[in-house]
Amino acid sequence: MPTHSRCARRTDALSVCVGKVVRADVLELWNMDLKGRPYAYTPFCDNKKEIDGFRFWKQGFWSNHLGNRPYHISALYVVDLQRFRAVGAGDQLR
């Protein structure tokens, strides 16, 4: 996250990929208690069974790797910018 932008004055940021359909109120994500974490992703929805074959995380390597944990989509997330910068999360993710 840039340190010298208009967003730098905010304490949180919300990112929504323009190619995604959001079927719930993003205010819930915005208000989420991150419990000291620098960012959080949303779990991917599983309620349309007719597209199960396209859910790569439900089979093979990703199914084994995730186990019982949900797949989190990176197209919708919230960031605590102050915490993100304080822990150098951008450097860790690179």
# chains A, B, ... in the order shown; residues from 1 in each chain; ligands from 1

call {"tool": "closest_atom_pairs", "arguments": {"of": "region 23-47 of chain A", "to": "region 72-91 of chain A", "cutoff": "6 Å", "atoms": "only C-alpha atoms", "output": "tab-separated table"}}
result
residue	atom	partner	partner_atom	distance
A:Pro38	CA	A:Phe84	CA	4.5
A:Tyr39	CA	A:Val79	CA	4.3
A:Ala40	CA	A:Val78	CA	5.5
A:Tyr41	CA	A:Tyr77	CA	4.4
A:Thr42	CA	A:His72	CA	5.4
A:Pro43	CA	A:His72	CA	4.2
A:Phe44	CA	A:His72	CA	5.5

call {"tool": "write_last_selection", "arguments": {"atoms": "N, CA, C and O atoms", "output": "short mmCIF file (atom, residue, chain, number, x, y, z; two decimals), in the first residue's frame"}}
result
data_model
loop_
_atom_site.label_atom_id
_atom_site.label_comp_id
_atom_site.auth_asym_id
_atom_site.auth_seq_id
_atom_site.Cartn_x
_atom_site.Cartn_y
_atom_site.Cartn_z
N PRO A 38 -3.21 -7.34 9.86
CA PRO A 38 -3.14 -6.23 8.91
C PRO A 38 -4.18 -6.29 7.79
O PRO A 38 -4.50 -5.26 7.21
N TYR A 39 -4.71 -7.47 7.48
CA TYR A 39 -5.71 -7.58 6.41
C TYR A 39 -6.54 -8.85 6.60
O TYR A 39 -6.17 -9.74 7.34
N ALA A 40 -7.68 -8.89 5.88
CA ALA A 40 -8.56 -10.05 5.94
C ALA A 40 -9.23 -10.24 4.59
O ALA A 40 -9.59 -9.28 3.93
N TYR A 41 -9.38 -11.49 4.19
CA TYR A 41 -10.06 -11.86 2.96
C TYR A 41 -11.40 -12.49 3.30
O TYR A 41 -11.61 -13.01 4.38
N THR A 42 -12.29 -12.51 2.32
CA THR A 42 -13.60 -13.13 2.53
C THR A 42 -13.58 -14.58 2.02
O THR A 42 -12.93 -14.88 1.03
N PRO A 43 -14.32 -15.47 2.69
CA PRO A 43 -14.46 -16.83 2.16
C PRO A 43 -15.27 -16.80 0.86
O PRO A 43 -16.14 -15.95 0.69
N PHE A 44 -14.97 -17.69 -0.05
CA PHE A 44 -15.69 -17.78 -1.32
C PHE A 44 -17.02 -18.48 -1.09
O PHE A 44 -17.12 -19.40 -0.29
#

call {"tool": "select_by_dssp", "arguments": {"residues": "region 3-87 of chain A", "states": "strand (DSSP E)", "output": "number ranges by chain"}}
result
A: 12-16, 39-43, 72-80

call {"tool": "select_by_dssp", "arguments": {"residues": "region 26-72 of chain A", "states": "helix (DSSP H, G or I)", "output": "mmCIF file with all heavy atoms, in the first residue's frame"}}
result
data_model
loop_
_atom_site.group_PDB
_atom_site.id
_atom_site.type_symbol
_atom_site.label_atom_id
_atom_site.label_comp_id
_atom_site.auth_asym_id
_atom_site.auth_seq_id
_atom_site.Cartn_x
_atom_site.Cartn_y
_atom_site.Cartn_z
ATOM 1 N N LEU A 27 -20.408 -3.593 4.009
ATOM 2 C CA LEU A 27 -20.234 -2.926 5.290
ATOM 3 C C LEU A 27 -19.834 -3.932 6.376
ATOM 4 O O LEU A 27 -19.059 -3.612 7.274
ATOM 5 C CB LEU A 27 -21.507 -2.180 5.692
ATOM 6 C CG LEU A 27 -21.409 -1.321 6.956
ATOM 7 C CD1 LEU A 27 -20.362 -0.219 6.782
ATOM 8 C CD2 LEU A 27 -22.762 -0.707 7.270
ATOM 9 N N GLU A 28 -20.317 -5.158 6.252
ATOM 10 C CA GLU A 28 -19.940 -6.209 7.212
ATOM 11 C C GLU A 28 -18.433 -6.442 7.179
ATOM 12 O O GLU A 28 -17.784 -6.578 8.214
ATOM 13 C CB GLU A 28 -20.690 -7.494 6.894
ATOM 14 C CG GLU A 28 -20.393 -8.625 7.839
ATOM 15 C CD GLU A 28 -21.151 -9.907 7.503
ATOM 16 O OE1 GLU A 28 -22.087 -9.868 6.686
ATOM 17 O OE2 GLU A 28 -20.791 -10.942 8.076
ATOM 18 N N LEU A 29 -17.856 -6.475 5.983
ATOM 19 C CA LEU A 29 -16.411 -6.633 5.843
ATOM 20 C C LEU A 29 -15.687 -5.391 6.360
ATOM 21 O O LEU A 29 -14.696 -5.483 7.074
ATOM 22 C CB LEU A 29 -16.043 -6.904 4.386
ATOM 23 C CG LEU A 29 -14.563 -7.097 4.071
ATOM 24 C CD1 LEU A 29 -14.003 -8.300 4.823
ATOM 25 C CD2 LEU A 29 -14.361 -7.264 2.572
ATOM 26 N N TRP A 30 -16.178 -4.218 6.000
ATOM 27 C CA TRP A 30 -15.576 -2.955 6.425
ATOM 28 C C TRP A 30 -15.517 -2.862 7.952
ATOM 29 O O TRP A 30 -14.537 -2.396 8.514
ATOM 30 C CB TRP A 30 -16.378 -1.794 5.850
ATOM 31 C CG TRP A 30 -15.847 -0.439 6.221
ATOM 32 C CD1 TRP A 30 -16.311 0.371 7.203
ATOM 33 C CD2 TRP A 30 -14.768 0.254 5.612
ATOM 34 N NE1 TRP A 30 -15.586 1.537 7.245
ATOM 35 C CE2 TRP A 30 -14.630 1.494 6.271
ATOM 36 C CE3 TRP A 30 -13.893 -0.044 4.563
ATOM 37 C CZ2 TRP A 30 -13.661 2.425 5.925
ATOM 38 C CZ3 TRP A 30 -12.935 0.888 4.226
ATOM 39 C CH2 TRP A 30 -12.829 2.101 4.895
ATOM 40 N N LYS A 49 -24.491 -24.988 -6.471
ATOM 41 C CA LYS A 49 -23.927 -26.317 -6.721
ATOM 42 C C LYS A 49 -23.666 -26.593 -8.205
ATOM 43 O O LYS A 49 -22.807 -27.397 -8.545
ATOM 44 C CB LYS A 49 -24.846 -27.404 -6.142
ATOM 45 C CG LYS A 49 -24.986 -27.317 -4.637
ATOM 46 C CD LYS A 49 -23.642 -27.466 -3.956
ATOM 47 C CE LYS A 49 -23.756 -27.266 -2.461
ATOM 48 N NZ LYS A 49 -22.472 -26.989 -1.844
ATOM 49 N N GLU A 50 -24.384 -25.907 -9.102
ATOM 50 C CA GLU A 50 -24.195 -26.157 -10.537
ATOM 51 C C GLU A 50 -22.830 -25.711 -11.054
ATOM 52 O O GLU A 50 -22.433 -26.076 -12.161
ATOM 53 C CB GLU A 50 -25.315 -25.501 -11.362
ATOM 54 C CG GLU A 50 -25.417 -24.000 -11.260
ATOM 55 C CD GLU A 50 -26.320 -23.513 -10.138
ATOM 56 O OE1 GLU A 50 -26.624 -24.279 -9.206
ATOM 57 O OE2 GLU A 50 -26.710 -22.344 -10.191
ATOM 58 N N ILE A 51 -22.079 -24.951 -10.258
ATOM 59 C CA ILE A 51 -20.736 -24.560 -10.706
ATOM 60 C C ILE A 51 -19.636 -25.207 -9.867
ATOM 61 O O ILE A 51 -18.481 -24.801 -9.928
ATOM 62 C CB ILE A 51 -20.572 -23.020 -10.762
ATOM 63 C CG1 ILE A 51 -20.762 -22.387 -9.395
ATOM 64 C CG2 ILE A 51 -21.481 -22.397 -11.794
ATOM 65 C CD1 ILE A 51 -20.364 -20.922 -9.358
ATOM 66 N N ASP A 52 -19.974 -26.242 -9.125
ATOM 67 C CA ASP A 52 -18.978 -26.940 -8.308
ATOM 68 C C ASP A 52 -17.786 -27.418 -9.134
ATOM 69 O O ASP A 52 -16.660 -27.403 -8.652
ATOM 70 C CB ASP A 52 -19.597 -28.136 -7.580
ATOM 71 C CG ASP A 52 -20.228 -27.743 -6.260
ATOM 72 O OD1 ASP A 52 -20.030 -26.585 -5.829
ATOM 73 O OD2 ASP A 52 -20.921 -28.586 -5.658
ATOM 74 N N GLY A 53 -17.996 -27.845 -10.350
ATOM 75 C CA GLY A 53 -16.905 -28.334 -11.200
ATOM 76 C C GLY A 53 -15.856 -27.286 -11.511
ATOM 77 O O GLY A 53 -14.720 -27.618 -11.871
ATOM 78 N N PHE A 54 -16.200 -26.012 -11.372
ATOM 79 C CA PHE A 54 -15.264 -24.928 -11.640
ATOM 80 C C PHE A 54 -14.501 -24.504 -10.379
ATOM 81 O O PHE A 54 -13.605 -23.674 -10.456
ATOM 82 C CB PHE A 54 -15.996 -23.712 -12.209
ATOM 83 C CG PHE A 54 -16.649 -24.001 -13.524
ATOM 84 C CD1 PHE A 54 -18.008 -24.243 -13.595
ATOM 85 C CD2 PHE A 54 -15.906 -24.047 -14.687
ATOM 86 C CE1 PHE A 54 -18.622 -24.515 -14.798
ATOM 87 C CE2 PHE A 54 -16.503 -24.317 -15.907
ATOM 88 C CZ PHE A 54 -17.861 -24.554 -15.968
ATOM 89 N N PHE A 56 -11.845 -25.006 -8.279
ATOM 90 C CA PHE A 56 -10.600 -25.764 -8.246
ATOM 91 C C PHE A 56 -10.162 -26.110 -6.828
ATOM 92 O O PHE A 56 -9.441 -27.078 -6.605
ATOM 93 C CB PHE A 56 -9.479 -24.998 -8.965
ATOM 94 C CG PHE A 56 -9.165 -23.664 -8.347
ATOM 95 C CD1 PHE A 56 -8.261 -23.551 -7.298
ATOM 96 C CD2 PHE A 56 -9.786 -22.525 -8.826
ATOM 97 C CE1 PHE A 56 -7.981 -22.323 -6.733
ATOM 98 C CE2 PHE A 56 -9.504 -21.291 -8.260
ATOM 99 C CZ PHE A 56 -8.600 -21.191 -7.212
ATOM 100 N N TRP A 57 -10.577 -25.344 -5.844
ATOM 101 C CA TRP A 57 -10.173 -25.588 -4.459
ATOM 102 C C TRP A 57 -10.952 -26.726 -3.800
ATOM 103 O O TRP A 57 -10.667 -27.111 -2.686
ATOM 104 C CB TRP A 57 -10.308 -24.319 -3.620
ATOM 105 C CG TRP A 57 -11.702 -23.786 -3.552
ATOM 106 C CD1 TRP A 57 -12.628 -24.052 -2.590
ATOM 107 C CD2 TRP A 57 -12.344 -22.917 -4.473
ATOM 108 N NE1 TRP A 57 -13.806 -23.404 -2.863
ATOM 109 C CE2 TRP A 57 -13.650 -22.688 -4.025
ATOM 110 C CE3 TRP A 57 -11.945 -22.290 -5.661
ATOM 111 C CZ2 TRP A 57 -14.555 -21.888 -4.707
ATOM 112 C CZ3 TRP A 57 -12.843 -21.483 -6.334
ATOM 113 C CH2 TRP A 57 -14.130 -21.292 -5.850
ATOM 114 N N LYS A 58 -11.924 -27.290 -4.521
ATOM 115 C CA LYS A 58 -12.741 -28.387 -3.991
ATOM 116 C C LYS A 58 -12.200 -29.762 -4.396
ATOM 117 O O LYS A 58 -12.753 -30.782 -4.008
ATOM 118 C CB LYS A 58 -14.184 -28.278 -4.490
ATOM 119 C CG LYS A 58 -14.919 -27.079 -3.972
ATOM 120 C CD LYS A 58 -15.407 -27.358 -2.593
ATOM 121 C CE LYS A 58 -16.354 -26.279 -2.139
ATOM 122 N NZ LYS A 58 -16.799 -26.519 -0.784
ATOM 123 N N GLY A 60 -8.473 -32.170 -5.818
ATOM 124 C CA GLY A 60 -7.041 -32.284 -6.041
ATOM 125 C C GLY A 60 -6.174 -31.595 -5.000
ATOM 126 O O GLY A 60 -6.480 -31.606 -3.800
ATOM 127 N N PHE A 61 -5.083 -30.991 -5.471
ATOM 128 C CA PHE A 61 -4.087 -30.382 -4.587
ATOM 129 C C PHE A 61 -4.700 -29.399 -3.605
ATOM 130 O O PHE A 61 -4.435 -29.460 -2.410
ATOM 131 C CB PHE A 61 -3.000 -29.675 -5.409
ATOM 132 C CG PHE A 61 -2.095 -28.828 -4.553
ATOM 133 C CD1 PHE A 61 -1.048 -29.416 -3.859
ATOM 134 C CD2 PHE A 61 -2.310 -27.468 -4.419
ATOM 135 C CE1 PHE A 61 -0.215 -28.649 -3.052
ATOM 136 C CE2 PHE A 61 -1.491 -26.690 -3.609
ATOM 137 C CZ PHE A 61 -0.434 -27.278 -2.928
ATOM 138 N N TRP A 62 -5.502 -28.459 -4.102
ATOM 139 C CA TRP A 62 -6.036 -27.417 -3.227
ATOM 140 C C TRP A 62 -6.996 -27.968 -2.183
ATOM 141 O O TRP A 62 -7.027 -27.502 -1.044
ATOM 142 C CB TRP A 62 -6.681 -26.295 -4.036
ATOM 143 C CG TRP A 62 -5.631 -25.437 -4.642
ATOM 144 C CD1 TRP A 62 -5.267 -25.363 -5.956
ATOM 145 C CD2 TRP A 62 -4.742 -24.557 -3.943
ATOM 146 N NE1 TRP A 62 -4.224 -24.505 -6.127
ATOM 147 C CE2 TRP A 62 -3.878 -23.993 -4.897
ATOM 148 C CE3 TRP A 62 -4.582 -24.209 -2.612
ATOM 149 C CZ2 TRP A 62 -2.879 -23.085 -4.554
ATOM 150 C CZ3 TRP A 62 -3.591 -23.306 -2.270
ATOM 151 C CH2 TRP A 62 -2.756 -22.756 -3.241
ATOM 152 N N SER A 63 -7.754 -28.973 -2.528
ATOM 153 C CA SER A 63 -8.645 -29.607 -1.555
ATOM 154 C C SER A 63 -7.829 -30.238 -0.431
ATOM 155 O O SER A 63 -8.137 -30.074 0.750
ATOM 156 C CB SER A 63 -9.510 -30.657 -2.236
ATOM 157 O OG SER A 63 -10.312 -31.321 -1.298
ATOM 158 N N ASN A 64 -6.771 -30.922 -0.788
ATOM 159 C CA ASN A 64 -5.892 -31.547 0.209
ATOM 160 C C ASN A 64 -5.174 -30.497 1.037
ATOM 161 O O ASN A 64 -5.027 -30.635 2.252
ATOM 162 C CB ASN A 64 -4.873 -32.460 -0.466
ATOM 163 C CG ASN A 64 -5.521 -33.647 -1.129
ATOM 164 O OD1 ASN A 64 -6.594 -34.092 -0.733
ATOM 165 N ND2 ASN A 64 -4.880 -34.158 -2.163
ATOM 166 N N HIS A 65 -4.704 -29.455 0.385
ATOM 167 C CA HIS A 65 -3.952 -28.402 1.070
ATOM 168 C C HIS A 65 -4.827 -27.630 2.064
ATOM 169 O O HIS A 65 -4.406 -27.349 3.183
ATOM 170 C CB HIS A 65 -3.351 -27.442 0.044
ATOM 171 C CG HIS A 65 -2.597 -26.302 0.641
ATOM 172 N ND1 HIS A 65 -1.366 -26.474 1.232
ATOM 173 C CD2 HIS A 65 -2.904 -24.990 0.751
ATOM 174 C CE1 HIS A 65 -0.945 -25.307 1.684
ATOM 175 N NE2 HIS A 65 -1.858 -24.390 1.400
ATOM 176 N N LEU A 66 -6.036 -27.308 1.659
ATOM 177 C CA LEU A 66 -6.926 -26.524 2.516
ATOM 178 C C LEU A 66 -7.562 -27.343 3.627
ATOM 179 O O LEU A 66 -7.867 -26.817 4.699
ATOM 180 C CB LEU A 66 -8.026 -25.868 1.665
ATOM 181 C CG LEU A 66 -7.567 -24.753 0.737
ATOM 182 C CD1 LEU A 66 -8.696 -24.374 -0.224
ATOM 183 C CD2 LEU A 66 -7.097 -23.555 1.521
#

call {"tool": "atom_distance", "arguments": {"atom1": "CA of Lys35 (chain A)", "atom2": "CA of Asn47 (chain A)"}}
result
27.9 Å
